[in-house]
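Source file: model25.txt. Holds: compact mmCIF, N, CA and C atoms.
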# COMPACT_ATOMS: atom_id res chain seq x y z
N MET Z 196 24.58 -4.57 -31.73
CA MET Z 196 23.22 -5.02 -31.87
C MET Z 196 22.92 -5.11 -33.37
N SER Z 197 22.36 -6.22 -33.79
CA SER Z 197 22.04 -6.37 -35.22
C SER Z 197 20.69 -5.76 -35.53
N THR Z 198 20.54 -5.36 -36.77
CA THR Z 198 19.31 -4.72 -37.21
C THR Z 198 18.47 -5.73 -37.95
N PRO Z 199 17.19 -5.91 -37.58
CA PRO Z 199 16.33 -6.85 -38.31
C PRO Z 199 16.18 -6.39 -39.75
N ALA Z 200 15.95 -7.35 -40.63
CA ALA Z 200 15.80 -7.05 -42.05
C ALA Z 200 14.68 -6.05 -42.29
N SER Z 201 13.60 -6.15 -41.53
CA SER Z 201 12.47 -5.24 -41.74
C SER Z 201 12.81 -3.80 -41.36
N ALA Z 202 13.81 -3.63 -40.51
CA ALA Z 202 14.21 -2.29 -40.09
C ALA Z 202 15.40 -1.77 -40.91
N ALA Z 203 15.78 -2.53 -41.93
CA ALA Z 203 16.90 -2.11 -42.77
C ALA Z 203 16.58 -0.77 -43.42
N LYS Z 204 17.64 -0.09 -43.79
CA LYS Z 204 17.49 1.23 -44.40
C LYS Z 204 16.64 1.14 -45.67
N ALA Z 205 15.67 2.04 -45.77
CA ALA Z 205 14.79 2.07 -46.95
C ALA Z 205 15.60 2.51 -48.16
N PRO Z 206 15.22 2.04 -49.34
CA PRO Z 206 15.93 2.48 -50.54
C PRO Z 206 15.74 3.98 -50.75
N ALA Z 207 16.72 4.57 -51.39
CA ALA Z 207 16.67 6.02 -51.65
C ALA Z 207 15.50 6.35 -52.56
N ARG Z 208 14.92 7.52 -52.32
CA ARG Z 208 13.90 8.03 -53.25
C ARG Z 208 14.60 8.29 -54.57
N ARG Z 209 13.98 7.86 -55.64
CA ARG Z 209 14.60 7.93 -56.96
C ARG Z 209 14.13 9.18 -57.70
N VAL Z 210 15.10 9.95 -58.17
CA VAL Z 210 14.83 11.19 -58.88
C VAL Z 210 15.47 11.12 -60.26
N LEU Z 211 14.68 11.46 -61.27
CA LEU Z 211 15.22 11.64 -62.61
C LEU Z 211 15.48 13.13 -62.77
N LEU Z 212 16.72 13.48 -63.05
CA LEU Z 212 17.13 14.87 -63.22
C LEU Z 212 17.43 15.09 -64.70
N ILE Z 213 16.72 16.03 -65.31
CA ILE Z 213 16.99 16.40 -66.69
C ILE Z 213 17.55 17.81 -66.68
N ASP Z 214 18.81 17.90 -67.10
CA ASP Z 214 19.50 19.18 -67.12
C ASP Z 214 20.34 19.25 -68.39
N ASP Z 215 20.25 20.36 -69.10
CA ASP Z 215 20.99 20.48 -70.35
C ASP Z 215 22.40 21.03 -70.15
N THR Z 216 22.81 21.22 -68.91
CA THR Z 216 24.17 21.65 -68.60
C THR Z 216 24.83 20.57 -67.75
N PRO Z 217 25.74 19.78 -68.34
CA PRO Z 217 26.32 18.63 -67.61
C PRO Z 217 26.97 19.00 -66.28
N GLU Z 218 27.63 20.15 -66.20
CA GLU Z 218 28.29 20.54 -64.96
C GLU Z 218 27.28 20.81 -63.84
N ILE Z 219 26.19 21.44 -64.18
CA ILE Z 219 25.13 21.70 -63.19
C ILE Z 219 24.50 20.37 -62.77
N ALA Z 220 24.24 19.51 -63.73
CA ALA Z 220 23.65 18.21 -63.43
C ALA Z 220 24.53 17.42 -62.46
N GLU Z 221 25.84 17.48 -62.67
CA GLU Z 221 26.77 16.76 -61.80
C GLU Z 221 26.73 17.33 -60.39
N LEU Z 222 26.77 18.64 -60.26
CA LEU Z 222 26.74 19.28 -58.94
C LEU Z 222 25.43 19.02 -58.22
N LEU Z 223 24.32 19.16 -58.94
CA LEU Z 223 23.00 18.93 -58.32
C LEU Z 223 22.83 17.46 -57.95
N SER Z 224 23.29 16.57 -58.80
CA SER Z 224 23.22 15.13 -58.49
C SER Z 224 23.97 14.83 -57.20
N PHE Z 225 25.17 15.37 -57.08
CA PHE Z 225 25.97 15.17 -55.87
C PHE Z 225 25.23 15.68 -54.64
N ALA Z 226 24.68 16.89 -54.74
CA ALA Z 226 23.97 17.50 -53.61
C ALA Z 226 22.76 16.66 -53.20
N LEU Z 227 22.01 16.17 -54.17
CA LEU Z 227 20.82 15.37 -53.86
C LEU Z 227 21.21 14.00 -53.30
N ARG Z 228 22.24 13.39 -53.85
CA ARG Z 228 22.71 12.09 -53.31
C ARG Z 228 23.18 12.26 -51.87
N ASP Z 229 23.85 13.39 -51.60
CA ASP Z 229 24.33 13.68 -50.26
C ASP Z 229 23.17 13.79 -49.27
N ARG Z 230 21.98 14.12 -49.77
CA ARG Z 230 20.79 14.25 -48.93
C ARG Z 230 19.91 13.00 -48.99
N GLY Z 231 20.45 11.90 -49.53
CA GLY Z 231 19.76 10.62 -49.47
C GLY Z 231 18.94 10.24 -50.69
N TYR Z 232 19.01 11.00 -51.75
CA TYR Z 232 18.25 10.68 -52.97
C TYR Z 232 19.09 9.83 -53.91
N GLY Z 233 18.43 8.91 -54.60
CA GLY Z 233 19.04 8.21 -55.72
C GLY Z 233 18.77 9.06 -56.96
N VAL Z 234 19.80 9.41 -57.69
CA VAL Z 234 19.65 10.34 -58.81
C VAL Z 234 20.17 9.71 -60.10
N VAL Z 235 19.37 9.84 -61.15
CA VAL Z 235 19.82 9.52 -62.50
C VAL Z 235 19.71 10.82 -63.27
N ALA Z 236 20.84 11.29 -63.79
CA ALA Z 236 20.87 12.56 -64.53
C ALA Z 236 21.05 12.29 -66.01
N ILE Z 237 20.22 12.94 -66.81
CA ILE Z 237 20.32 12.83 -68.26
C ILE Z 237 20.16 14.22 -68.87
N GLY Z 238 20.52 14.35 -70.13
CA GLY Z 238 20.31 15.60 -70.84
C GLY Z 238 18.90 15.69 -71.37
N PHE Z 239 18.61 16.78 -72.05
CA PHE Z 239 17.29 17.00 -72.64
C PHE Z 239 16.93 15.84 -73.56
N THR Z 240 15.72 15.29 -73.40
CA THR Z 240 15.27 14.19 -74.23
C THR Z 240 13.76 14.18 -74.32
N ALA Z 241 13.26 13.88 -75.50
CA ALA Z 241 11.81 13.74 -75.68
C ALA Z 241 11.33 12.38 -75.17
N ALA Z 242 12.27 11.50 -74.82
CA ALA Z 242 11.92 10.17 -74.32
C ALA Z 242 11.81 10.17 -72.79
N VAL Z 243 11.37 11.29 -72.23
CA VAL Z 243 11.32 11.45 -70.78
C VAL Z 243 10.44 10.39 -70.12
N ASN Z 244 9.29 10.06 -70.68
CA ASN Z 244 8.41 9.09 -70.05
C ASN Z 244 9.03 7.70 -70.01
N GLU Z 245 9.78 7.34 -71.04
CA GLU Z 245 10.46 6.05 -71.05
C GLU Z 245 11.53 6.01 -69.95
N HIS Z 246 12.26 7.10 -69.79
CA HIS Z 246 13.27 7.16 -68.73
C HIS Z 246 12.62 7.10 -67.36
N LEU Z 247 11.51 7.78 -67.17
CA LEU Z 247 10.80 7.74 -65.89
C LEU Z 247 10.39 6.31 -65.55
N ALA Z 248 9.86 5.60 -66.54
CA ALA Z 248 9.44 4.22 -66.32
C ALA Z 248 10.64 3.31 -66.07
N ASP Z 249 11.67 3.44 -66.89
CA ASP Z 249 12.85 2.60 -66.74
C ASP Z 249 13.54 2.80 -65.40
N GLU Z 250 13.61 4.02 -64.94
CA GLU Z 250 14.31 4.34 -63.70
C GLU Z 250 13.41 4.21 -62.48
N ARG Z 251 12.12 3.99 -62.70
CA ARG Z 251 11.15 3.90 -61.60
C ARG Z 251 11.25 5.13 -60.70
N ALA Z 252 11.27 6.28 -61.34
CA ALA Z 252 11.47 7.54 -60.62
C ALA Z 252 10.27 7.89 -59.75
N ASP Z 253 10.58 8.41 -58.57
CA ASP Z 253 9.56 8.91 -57.65
C ASP Z 253 9.24 10.37 -57.91
N ALA Z 254 10.18 11.05 -58.58
CA ALA Z 254 10.02 12.48 -58.87
C ALA Z 254 10.92 12.86 -60.04
N LEU Z 255 10.63 14.03 -60.61
CA LEU Z 255 11.37 14.55 -61.74
C LEU Z 255 11.84 15.96 -61.41
N VAL Z 256 13.10 16.27 -61.74
CA VAL Z 256 13.63 17.62 -61.61
C VAL Z 256 14.02 18.07 -63.01
N LEU Z 257 13.46 19.20 -63.44
CA LEU Z 257 13.74 19.76 -64.77
C LEU Z 257 14.52 21.06 -64.63
N ASP Z 258 15.67 21.12 -65.29
CA ASP Z 258 16.45 22.35 -65.32
C ASP Z 258 17.02 22.51 -66.72
N CYS Z 259 16.29 23.20 -67.55
CA CYS Z 259 16.74 23.46 -68.92
C CYS Z 259 16.97 24.95 -69.08
N SER Z 260 18.03 25.30 -69.80
CA SER Z 260 18.41 26.71 -69.91
C SER Z 260 17.35 27.56 -70.60
N VAL Z 261 16.56 26.96 -71.46
CA VAL Z 261 15.45 27.67 -72.11
C VAL Z 261 14.16 27.09 -71.52
N TYR Z 262 13.34 27.96 -70.89
CA TYR Z 262 12.16 27.46 -70.20
C TYR Z 262 11.26 26.64 -71.11
N GLU Z 263 11.15 26.99 -72.35
CA GLU Z 263 10.28 26.26 -73.27
C GLU Z 263 10.68 24.79 -73.36
N MET Z 264 11.96 24.47 -73.14
CA MET Z 264 12.40 23.07 -73.13
C MET Z 264 11.80 22.35 -71.93
N SER Z 265 11.86 22.97 -70.75
CA SER Z 265 11.25 22.37 -69.56
C SER Z 265 9.74 22.26 -69.74
N GLU Z 266 9.15 23.29 -70.32
CA GLU Z 266 7.71 23.32 -70.54
C GLU Z 266 7.28 22.16 -71.45
N SER Z 267 8.03 21.91 -72.52
CA SER Z 267 7.67 20.82 -73.43
C SER Z 267 7.82 19.47 -72.74
N LEU Z 268 8.85 19.31 -71.90
CA LEU Z 268 9.01 18.06 -71.17
C LEU Z 268 7.91 17.89 -70.14
N PHE Z 269 7.54 18.97 -69.47
CA PHE Z 269 6.43 18.92 -68.51
C PHE Z 269 5.15 18.42 -69.21
N ASP Z 270 4.87 18.98 -70.38
CA ASP Z 270 3.68 18.58 -71.12
C ASP Z 270 3.74 17.11 -71.53
N LEU Z 271 4.91 16.64 -71.95
CA LEU Z 271 5.07 15.23 -72.31
C LEU Z 271 4.79 14.32 -71.11
N VAL Z 272 5.34 14.70 -69.95
CA VAL Z 272 5.14 13.90 -68.74
C VAL Z 272 3.67 13.86 -68.35
N ARG Z 273 3.03 15.02 -68.32
CA ARG Z 273 1.63 15.08 -67.90
C ARG Z 273 0.68 14.42 -68.90
N SER Z 274 1.10 14.27 -70.15
CA SER Z 274 0.25 13.62 -71.15
C SER Z 274 0.23 12.10 -70.98
N ASP Z 275 1.14 11.56 -70.21
CA ASP Z 275 1.21 10.12 -69.96
C ASP Z 275 0.44 9.81 -68.67
N PRO Z 276 -0.65 9.04 -68.75
CA PRO Z 276 -1.44 8.76 -67.54
C PRO Z 276 -0.62 8.16 -66.39
N ALA Z 277 0.44 7.43 -66.72
CA ALA Z 277 1.27 6.83 -65.68
C ALA Z 277 2.04 7.88 -64.87
N HIS Z 278 2.19 9.07 -65.44
CA HIS Z 278 2.97 10.11 -64.77
C HIS Z 278 2.17 11.39 -64.54
N ALA Z 279 0.86 11.30 -64.63
CA ALA Z 279 0.02 12.49 -64.52
C ALA Z 279 0.14 13.19 -63.17
N ASP Z 280 0.45 12.45 -62.11
CA ASP Z 280 0.57 13.03 -60.78
C ASP Z 280 2.00 12.99 -60.23
N LEU Z 281 2.96 12.70 -61.09
CA LEU Z 281 4.35 12.61 -60.65
C LEU Z 281 4.82 13.96 -60.09
N PRO Z 282 5.43 13.96 -58.91
CA PRO Z 282 5.98 15.22 -58.39
C PRO Z 282 7.09 15.74 -59.30
N ILE Z 283 7.04 17.05 -59.60
CA ILE Z 283 8.02 17.66 -60.49
C ILE Z 283 8.51 18.96 -59.86
N VAL Z 284 9.83 19.12 -59.89
CA VAL Z 284 10.46 20.38 -59.50
C VAL Z 284 11.01 20.98 -60.78
N ILE Z 285 10.63 22.22 -61.05
CA ILE Z 285 11.14 22.93 -62.22
C ILE Z 285 12.01 24.08 -61.73
N ILE Z 286 13.24 24.11 -62.24
CA ILE Z 286 14.17 25.17 -61.93
C ILE Z 286 14.16 26.12 -63.12
N SER Z 287 14.02 27.42 -62.84
CA SER Z 287 13.87 28.37 -63.94
C SER Z 287 14.57 29.69 -63.67
N ASP Z 288 15.18 30.24 -64.73
CA ASP Z 288 15.75 31.57 -64.62
C ASP Z 288 14.74 32.64 -65.05
N THR Z 289 13.54 32.20 -65.43
CA THR Z 289 12.44 33.12 -65.75
C THR Z 289 11.21 32.69 -64.94
N PRO Z 290 11.28 32.83 -63.61
CA PRO Z 290 10.22 32.29 -62.77
C PRO Z 290 8.84 32.90 -63.02
N GLU Z 291 8.77 34.18 -63.39
CA GLU Z 291 7.46 34.79 -63.65
C GLU Z 291 6.80 34.12 -64.86
N LYS Z 292 7.57 33.93 -65.90
CA LYS Z 292 7.07 33.27 -67.11
C LYS Z 292 6.68 31.82 -66.81
N ALA Z 293 7.53 31.13 -66.07
CA ALA Z 293 7.26 29.73 -65.73
C ALA Z 293 6.01 29.63 -64.85
N ASP Z 294 5.88 30.53 -63.88
CA ASP Z 294 4.71 30.51 -63.00
C ASP Z 294 3.42 30.73 -63.80
N ALA Z 295 3.44 31.69 -64.71
CA ALA Z 295 2.26 31.95 -65.54
C ALA Z 295 1.92 30.73 -66.39
N SER Z 296 2.93 30.10 -66.93
CA SER Z 296 2.72 28.91 -67.75
C SER Z 296 2.11 27.77 -66.93
N LEU Z 297 2.63 27.55 -65.74
CA LEU Z 297 2.11 26.47 -64.88
C LEU Z 297 0.69 26.78 -64.41
N ARG Z 298 0.41 28.04 -64.11
CA ARG Z 298 -0.95 28.43 -63.70
C ARG Z 298 -1.94 28.21 -64.84
N SER Z 299 -1.53 28.53 -66.07
CA SER Z 299 -2.44 28.35 -67.21
C SER Z 299 -2.74 26.87 -67.44
N ARG Z 300 -1.84 26.00 -67.00
CA ARG Z 300 -2.03 24.56 -67.12
C ARG Z 300 -2.73 23.97 -65.90
N GLU Z 301 -2.98 24.80 -64.89
CA GLU Z 301 -3.54 24.34 -63.63
C GLU Z 301 -2.72 23.17 -63.09
N ALA Z 302 -1.40 23.34 -63.14
CA ALA Z 302 -0.46 22.29 -62.77
C ALA Z 302 -0.54 21.97 -61.28
N GLU Z 303 -0.51 20.69 -60.98
CA GLU Z 303 -0.48 20.21 -59.60
C GLU Z 303 0.75 19.35 -59.40
N HIS Z 304 1.14 19.18 -58.14
CA HIS Z 304 2.31 18.37 -57.78
C HIS Z 304 3.58 18.92 -58.42
N VAL Z 305 3.68 20.26 -58.47
CA VAL Z 305 4.82 20.94 -59.08
C VAL Z 305 5.28 22.06 -58.17
N LEU Z 306 6.59 22.18 -58.03
CA LEU Z 306 7.16 23.33 -57.34
C LEU Z 306 8.16 23.99 -58.28
N LEU Z 307 8.13 25.29 -58.30
CA LEU Z 307 9.00 26.10 -59.14
C LEU Z 307 10.08 26.72 -58.27
N ILE Z 308 11.33 26.51 -58.64
CA ILE Z 308 12.47 27.06 -57.90
C ILE Z 308 13.19 28.04 -58.83
N PRO Z 309 13.29 29.31 -58.44
CA PRO Z 309 14.01 30.28 -59.29
C PRO Z 309 15.52 30.11 -59.17
N LYS Z 310 16.22 30.44 -60.25
CA LYS Z 310 17.69 30.48 -60.21
C LYS Z 310 18.11 31.82 -59.66
N PRO Z 311 19.21 31.88 -58.94
CA PRO Z 311 20.09 30.78 -58.57
C PRO Z 311 19.46 29.95 -57.46
N PHE Z 312 19.90 28.71 -57.34
CA PHE Z 312 19.32 27.78 -56.38
C PHE Z 312 20.44 27.01 -55.70
N THR Z 313 20.07 26.32 -54.63
CA THR Z 313 21.02 25.42 -53.96
C THR Z 313 20.47 24.00 -54.00
N GLY Z 314 21.35 23.04 -53.81
CA GLY Z 314 20.92 21.65 -53.73
C GLY Z 314 19.95 21.44 -52.58
N GLY Z 315 20.17 22.17 -51.49
CA GLY Z 315 19.27 22.07 -50.34
C GLY Z 315 17.86 22.53 -50.68
N GLN Z 316 17.73 23.58 -51.48
CA GLN Z 316 16.39 24.04 -51.89
C GLN Z 316 15.68 22.97 -52.71
N ILE Z 317 16.41 22.32 -53.60
CA ILE Z 317 15.80 21.29 -54.44
C ILE Z 317 15.41 20.09 -53.58
N ALA Z 318 16.28 19.70 -52.65
CA ALA Z 318 15.96 18.57 -51.75
C ALA Z 318 14.73 18.88 -50.91
N ARG Z 319 14.63 20.11 -50.38
CA ARG Z 319 13.45 20.48 -49.58
C ARG Z 319 12.19 20.48 -50.44
N ALA Z 320 12.30 20.93 -51.68
CA ALA Z 320 11.14 20.92 -52.58
C ALA Z 320 10.70 19.48 -52.82
N LEU Z 321 11.65 18.58 -53.05
CA LEU Z 321 11.30 17.17 -53.24
C LEU Z 321 10.67 16.59 -51.99
N ASP Z 322 11.22 16.91 -50.83
CA ASP Z 322 10.64 16.44 -49.56
C ASP Z 322 9.20 16.92 -49.42
N GLN Z 323 8.95 18.14 -49.84
CA GLN Z 323 7.60 18.71 -49.74
C GLN Z 323 6.64 18.01 -50.69
N LEU Z 324 7.10 17.66 -51.89
CA LEU Z 324 6.23 17.06 -52.90
C LEU Z 324 5.98 15.58 -52.69
N LEU Z 325 6.97 14.87 -52.15
CA LEU Z 325 6.82 13.43 -51.99
C LEU Z 325 6.03 13.13 -50.72
N PRO Z 326 5.05 12.23 -50.80
CA PRO Z 326 4.18 11.96 -49.65
C PRO Z 326 4.94 11.32 -48.49
N ALA Z 327 4.55 11.68 -47.30
CA ALA Z 327 5.16 11.11 -46.09
C ALA Z 327 4.35 9.92 -45.61
N THR Z 328 5.02 8.96 -45.03
CA THR Z 328 4.37 7.79 -44.45
C THR Z 328 4.00 8.12 -43.01
N PRO Z 329 3.20 7.28 -42.34
CA PRO Z 329 2.85 7.55 -40.94
C PRO Z 329 4.07 7.67 -40.03
N SER Z 330 5.20 7.04 -40.40
CA SER Z 330 6.40 7.14 -39.57
C SER Z 330 7.10 8.48 -39.73
N GLY Z 331 6.59 9.31 -40.68
CA GLY Z 331 7.20 10.60 -40.90
C GLY Z 331 8.24 10.59 -42.00
N LYS Z 332 8.58 9.40 -42.49
CA LYS Z 332 9.56 9.30 -43.57
C LYS Z 332 8.86 9.45 -44.89
N THR Z 333 9.58 9.95 -45.86
CA THR Z 333 9.00 10.11 -47.19
C THR Z 333 8.79 8.74 -47.81
N GLU Z 334 7.60 8.56 -48.37
CA GLU Z 334 7.21 7.29 -48.98
C GLU Z 334 7.93 7.10 -50.31
N HIS Z 335 8.30 5.88 -50.59
CA HIS Z 335 8.92 5.53 -51.86
C HIS Z 335 7.87 4.85 -52.74
N ASN Z 336 7.99 5.06 -54.02
CA ASN Z 336 7.11 4.32 -54.95
C ASN Z 336 7.64 2.91 -55.01
N VAL Z 337 6.94 1.99 -54.38
CA VAL Z 337 7.35 0.60 -54.38
C VAL Z 337 6.59 -0.10 -55.47
N ARG Z 338 7.34 -0.67 -56.37
CA ARG Z 338 6.71 -1.36 -57.51
C ARG Z 338 7.18 -2.80 -57.51
N PRO Z 339 6.31 -3.71 -57.94
CA PRO Z 339 6.72 -5.12 -57.98
C PRO Z 339 7.82 -5.36 -58.99

Starting from the file, give its structure as structure tokens.
Amino acid sequence: MSTPASAAKAPARRVLLIDDTPEIAELLSFALRDRGYGVVAIGFTAAVNEHLADERADALVLDCSVYEMSESLFDLVRSDPAHADLPIVIISDTPEKADASLRSREAEHVLLIPKPFTGGQIARALDQLLPATPSGKTEHNVRP
């Protein structure tokens, strides 16, 4: 039986992953792709908003070995009106410090995952943050 074009598989949800450890980025990228996400992984960069726009990311995952690096990227993203409500998952080895920092910012659309973590935990966090459509599937940011 053939599948109508309208019922074709939806494009993968696009995630920009910023991780300062290439081996972790590779493993996490693989785990997220295995769960149906499109992943672009890059190292730490102050050009995060440009990458988000270029990649048309639906969400951002931040995993930097020093929390202040993730914190500075979070602030850069939230300072851009185009990304003010972008879902963000922050992975941290200092969750108490990260939680206090996010609370002081009254951060929304953010989930904090403590280390150690699994790819499944990150995928579930993304599923929770990304809006669902009436069909129950996670909505993709569709842009012209």

Atom N of Glu245 (chain Z) to atom N of Ser224 (chain Z), straight-line distance in Å
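Interatomic distance, atom N of Ser224 (chain Z) to atom N of Glu245 (chain Z): 20.4 Å.
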
Alpha helix (DSSP H) positions in region 196-337 of chain Z, given as a ChimeraX atom specification
/Z:217-229,243-250,262-274,290-299,314-324

With only N, CA and C atoms counted and 8 Å as the cut-off, give the residues of region 245-286 of chain Z in contact with region 320-323 of chain Z, each with its shortest interatomic distance in Å and the pair that gives it, as a tab-separated table.
residue	atom	partner	partner_atom	distance
Z:Ala254	CA	Z:Leu321	CA	7.4
Z:Pro282	C	Z:Leu321	CA	7.5
Z:Ile283	C	Z:Ala320	C	7.4
Z:Val284	CA	Z:Ala320	C	6.7

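If you count only N, CA and C atoms and ignore residues fewer than 2 places along the chain from Leu257 (chain Z), what sits within 7 Å of it is Leu211, Leu212, Ile213, Asp214, Leu255, Cys259, Ser265, Ile283, Val284, Ile285, Ile286 and Ser287 of chain Z.
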
Calculated over only C-alpha atoms, which of the candidates Z:Val234, Z:Leu227, Z:Ala252, Z:Val272 has the smallest distance to Ala302 (chain Z)?
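Among the listed residues, the smallest separation from Ala302 (chain Z) belongs to Z:Val272.
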
Distance criterion (all atoms listed in the file): nearest to Ala207 (chain Z) out of Z:Tyr232, Z:Val256, Z:Gly238, Z:Asn244
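Result for the nearest residue to Ala207 (chain Z): Z:Tyr232.
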
Which residues in chain Z does DSSP call strand (DSSP E or B)? List them as a PyMOL selection string.
chain Z and resi 208-214+232-237+254-258+283-287+305-309+327+333

Please identify all polymer residues within 7 Å of Gly233 (chain Z), counting only C-alpha atoms, omitting same-chain residues fewer than 6 positions from it, and present them as a ChimeraX atom specification.
/Z:207-210

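Distances from Z:Asp280, Z:Asp258, Z:Glu263, Z:Asp253 to His304 (chain Z) were compared using only C-alpha atoms, and the smallest one belongs to Z:Asp280.
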
Point-to-point distance from CA of Leu223 (chain Z) to CA of Phe239 (chain Z), Å rounded to tenths
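Between these atoms lies a distance of 15.5 Å.
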
Test item: residues at most 12 Å from Leu297 (chain Z), only C-alpha atoms, excluding those fewer than 2 positions along its chain, as a ChimeraX atom specification
/Z:262-263,265-267,269-270,273,283-285,287,290-295,299-307

CA of Arg251 (chain Z) to CA of Ile308 (chain Z), distance in Å rounded to a single decimal:
23.5 Å

Nearest to Val261 (chain Z) among Z:Thr289, Z:Ala277, Z:Ala220, Z:His246, with distances taken over only C-alpha atoms: which residue is it?
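Residue with the minimum atom-to-atom distance to Val261 (chain Z): Z:Thr289.
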
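Nearest-residue note for Phe312 (chain Z): choosing from Z:Thr216, Z:Asp288, Z:Ser296, Z:Leu247, the minimum distance belongs to Z:Asp288, counting only C-alpha atoms.
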